[in-house]
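J.: The following block contains the structure, expressed as structure tokens.
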Amino acid sequence: MPPPAVRPVWLGRVQYAEMLALQERWLRRLQAEPGTDAQSGTEAGALLLCEPAGPVYTVGLRGGLTPQETERLQALGAEVRATGRGGLATFHGPGQLLCHPVLDLRRLGLRLRTHVAALEACAVRLCELQDLRGAHARPPPYTGVWLGERKICAVGERRGAGRGRGRGPGWTNEESAVEGTSRPTAWL
């Protein structure tokens, strides 16, 4: 039986709310499918790829924006959204490539940390292909990719409640942004 497939889905330039709705639909679709092990041969999820249609700051569980900063960003026309992922605030805007994996890691036979490391390795390779030499991931507990001291790729995760089997939640929605701007905080 073939290994589970992960489907790449190019969404083009989309509003953040539209991408979230698609992410939720994919998650419901995965949860409805039988088979949760790596040998099931079923679809293991999707990589939703897009470019943000406008400036959006997503705020993780650790916060990262004061009420005054939030108010100022919104007055400038940026959307500010609380998310269920870890981390602080992350900027997403036109010119960036966002990858939102919606995956059942158990079907892929992956642990979460291994998956995050693979995403970071992908981002490093993408930087190399764009002649951005020196991009690197830092060791845990840090996530993301840096170019010098500048973080150019953020990885925020939200693990959902899968069908347990004693191994904990297996569904994952993640947010990875390869920032295409040298000044992501210019809106501040």
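If you're wondering about the labels, chains in the structure tokens are A, B, ... by order shown, residues count from 1 in each chain, ligands from 1 in order shown.
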Give one line per residue of segment 74-133 of chain A that approaches segment 18-25 of chain A to at most 12 Å, naming the two atoms of the closest pair and their distance in Å to one decimal, counting only C-alpha atoms; sort by chain then ascending residue number and deliver it as JSON lines.
T.:
```
{"residue": "A:Arg81", "atom": "CA", "partner": "A:Leu20", "partner_atom": "CA", "distance": 10.9}
{"residue": "A:Thr83", "atom": "CA", "partner": "A:Leu20", "partner_atom": "CA", "distance": 10.4}
{"residue": "A:Gly84", "atom": "CA", "partner": "A:Leu20", "partner_atom": "CA", "distance": 12.0}
{"residue": "A:Leu98", "atom": "CA", "partner": "A:Met19", "partner_atom": "CA", "distance": 10.2}
{"residue": "A:Cys99", "atom": "CA", "partner": "A:Met19", "partner_atom": "CA", "distance": 10.5}
{"residue": "A:His100", "atom": "CA", "partner": "A:Gln23", "partner_atom": "CA", "distance": 7.6}
{"residue": "A:Pro101", "atom": "CA", "partner": "A:Gln23", "partner_atom": "CA", "distance": 8.4}
{"residue": "A:Val102", "atom": "CA", "partner": "A:Gln23", "partner_atom": "CA", "distance": 6.7}
{"residue": "A:Leu103", "atom": "CA", "partner": "A:Gln23", "partner_atom": "CA", "distance": 10.3}
```
J.: So what do you get for atom CA of Leu119 of chain A versus atom CA of Leu47 of chain A, distance-wise?
T.: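 Separation between atom CA of Leu119 of chain A and atom CA of Leu47 of chain A: 11.2 Å.
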J.: Please report, as CSV, each residue of segment 40-129 of chain A lying at most 6 Å from segment 134-157 of chain A, together with the nearest pair of atoms and the separation in Å rounded to one decimal; use only C-alpha atoms, and order rows by chain and ascending residue number.
T.:
```
residue,atom,partner,partner_atom,distance
A:Arg85,CA,A:Glu157,CA,4.8
A:Gly86,CA,A:Gly156,CA,5.6
A:Val124,CA,A:Ala135,CA,5.6
```
J.: Identify, on the basis of only C-alpha atoms, every residue whose closest approach to Ala89 of chain A does not exceed 6 Å; exclude the query and any residue fewer than 4 positions from it along the same chain; express the result as a list in words.
T.: Thr58, Val59, Gly60 and Gly64 of chain A
J.: Only N, CA and C atoms, please: the residues just picked out, written as an mmCIF file, in the first residue's frame.
T.:
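Output (out-v6.cif):
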```cif
data_model
loop_
_atom_site.group_PDB
_atom_site.id
_atom_site.type_symbol
_atom_site.label_atom_id
_atom_site.label_comp_id
_atom_site.auth_asym_id
_atom_site.auth_seq_id
_atom_site.Cartn_x
_atom_site.Cartn_y
_atom_site.Cartn_z
ATOM 1 N N THR A 58 -0.558 37.832 13.481
ATOM 2 C CA THR A 58 -1.184 36.776 14.269
ATOM 3 C C THR A 58 -0.486 36.751 15.621
ATOM 4 N N VAL A 59 -1.283 36.608 16.661
ATOM 5 C CA VAL A 59 -0.754 36.651 18.022
ATOM 6 C C VAL A 59 -0.923 35.279 18.650
ATOM 7 N N GLY A 60 0.195 34.690 19.069
ATOM 8 C CA GLY A 60 0.185 33.366 19.674
ATOM 9 C C GLY A 60 -0.229 33.404 21.128
ATOM 10 N N GLY A 64 2.491 39.143 22.792
ATOM 11 C CA GLY A 64 3.490 39.771 21.948
ATOM 12 C C GLY A 64 3.134 41.177 21.508
#
```
J.: Running DSSP on the backbone, which parts of segment 14-166 of chain A land in strand (DSSP E or B), as a PyMOL selection string?
T.: chain A and resi 14+43-52+56-60+63+79-82+89-92+97-104+135-137+145-147+150-160
J.: Restricting the calculation to only C-alpha atoms, which member of A:Leu132, A:Ala82, A:Val6, A:Leu110 is positioned closest to Val56 of chain A?
T.: A:Ala82
J.: As an exercise, work out the distance from atom CA of Ala46 of chain A to atom CA of Gly87 of chain A in Å and give it to one decimal place.
T.: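 Between these atoms lies a distance of 22.6 Å.
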J.: I'd like the interatomic distance between atom CA of Gln31 of chain A and atom CA of Arg107 of chain A, to a tenth of an Å.
T.: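 So the two atoms, atom CA of Gln31 of chain A and atom CA of Arg107 of chain A, lie 11.7 Å apart.
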J.: Counting only C-alpha atoms, figure out which residue out of A:Leu30, A:Leu88, A:Leu65, A:Leu76 gets nearest to Thr42 of chain A.
T.: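 For Thr42 of chain A, the nearest of the given residues is A:Leu30.
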J.: Rank nothing, just name the residue among A:Leu105, A:Ala75, A:Cys50, A:Arg113 nearest to Ala5 of chain A, using only C-alpha atoms.
T.: A:Leu105
J.: With only C-alpha atoms as the counted atoms, please give the residues lying no more than 6 Å from Pro52 of chain A, apart from itself and same-chain residues fewer than 5 positions off, as a ChimeraX atom specification.
T.: /A:13-14,93-94
J.: As number ranges by chain, please: all residues of segment 110-161 of chain A that backbone DSSP puts in alpha helix (DSSP H).
T.: A: 112-129
J.: Could you turn the residues from that selection into a file that holds N, CA, C and O atoms, as a short mmCIF file (atom, residue, chain, number, x, y, z; two decimals), in the first residue's frame?
T.:
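Here's the written file again_2.cif:
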```cif
data_model
loop_
_atom_site.label_atom_id
_atom_site.label_comp_id
_atom_site.auth_asym_id
_atom_site.auth_seq_id
_atom_site.Cartn_x
_atom_site.Cartn_y
_atom_site.Cartn_z
N LEU A 112 6.04 15.51 16.38
CA LEU A 112 5.90 16.94 16.11
C LEU A 112 7.26 17.63 15.95
O LEU A 112 7.47 18.39 15.01
N ARG A 113 8.21 17.38 16.84
CA ARG A 113 9.51 18.04 16.76
C ARG A 113 10.25 17.68 15.46
O ARG A 113 10.89 18.53 14.86
N THR A 114 10.13 16.42 15.02
CA THR A 114 10.75 15.99 13.77
C THR A 114 10.13 16.75 12.60
O THR A 114 10.83 17.18 11.68
N HIS A 115 8.82 16.91 12.64
CA HIS A 115 8.11 17.63 11.59
C HIS A 115 8.54 19.10 11.55
O HIS A 115 8.80 19.66 10.47
N VAL A 116 8.63 19.75 12.71
CA VAL A 116 9.05 21.16 12.75
C VAL A 116 10.47 21.29 12.21
O VAL A 116 10.77 22.20 11.43
N ALA A 117 11.35 20.36 12.56
CA ALA A 117 12.73 20.40 12.05
C ALA A 117 12.74 20.26 10.52
O ALA A 117 13.54 20.91 9.85
N ALA A 118 11.86 19.42 9.99
CA ALA A 118 11.79 19.27 8.53
C ALA A 118 11.29 20.56 7.87
O ALA A 118 11.79 20.95 6.80
N LEU A 119 10.33 21.24 8.49
CA LEU A 119 9.87 22.53 7.95
C LEU A 119 11.01 23.55 7.96
O LEU A 119 11.20 24.30 7.00
N GLU A 120 11.77 23.57 9.04
CA GLU A 120 12.90 24.49 9.12
C GLU A 120 13.94 24.17 8.05
O GLU A 120 14.46 25.09 7.40
N ALA A 121 14.21 22.89 7.84
CA ALA A 121 15.18 22.49 6.80
C ALA A 121 14.70 22.92 5.42
O ALA A 121 15.49 23.36 4.58
N CYS A 122 13.39 22.82 5.19
CA CYS A 122 12.81 23.27 3.91
C CYS A 122 13.02 24.78 3.73
O CYS A 122 13.37 25.23 2.64
N ALA A 123 12.78 25.53 4.79
CA ALA A 123 12.94 26.99 4.71
C ALA A 123 14.40 27.36 4.47
O ALA A 123 14.70 28.27 3.68
N VAL A 124 15.33 26.65 5.12
CA VAL A 124 16.75 26.90 4.89
C VAL A 124 17.10 26.62 3.43
O VAL A 124 17.79 27.41 2.77
N ARG A 125 16.60 25.52 2.90
CA ARG A 125 16.87 25.16 1.49
C ARG A 125 16.29 26.21 0.55
O ARG A 125 16.92 26.59 -0.44
N LEU A 126 15.09 26.69 0.84
CA LEU A 126 14.47 27.74 0.02
C LEU A 126 15.34 29.00 0.03
O LEU A 126 15.54 29.63 -1.01
N CYS A 127 15.88 29.34 1.19
CA CYS A 127 16.79 30.49 1.27
C CYS A 127 18.03 30.28 0.41
O CYS A 127 18.45 31.19 -0.30
N GLU A 128 18.59 29.07 0.47
CA GLU A 128 19.77 28.77 -0.34
C GLU A 128 19.46 28.91 -1.83
O GLU A 128 20.27 29.44 -2.59
N LEU A 129 18.29 28.45 -2.24
CA LEU A 129 17.89 28.55 -3.65
C LEU A 129 17.70 30.01 -4.08
O LEU A 129 17.78 30.32 -5.26
#
```
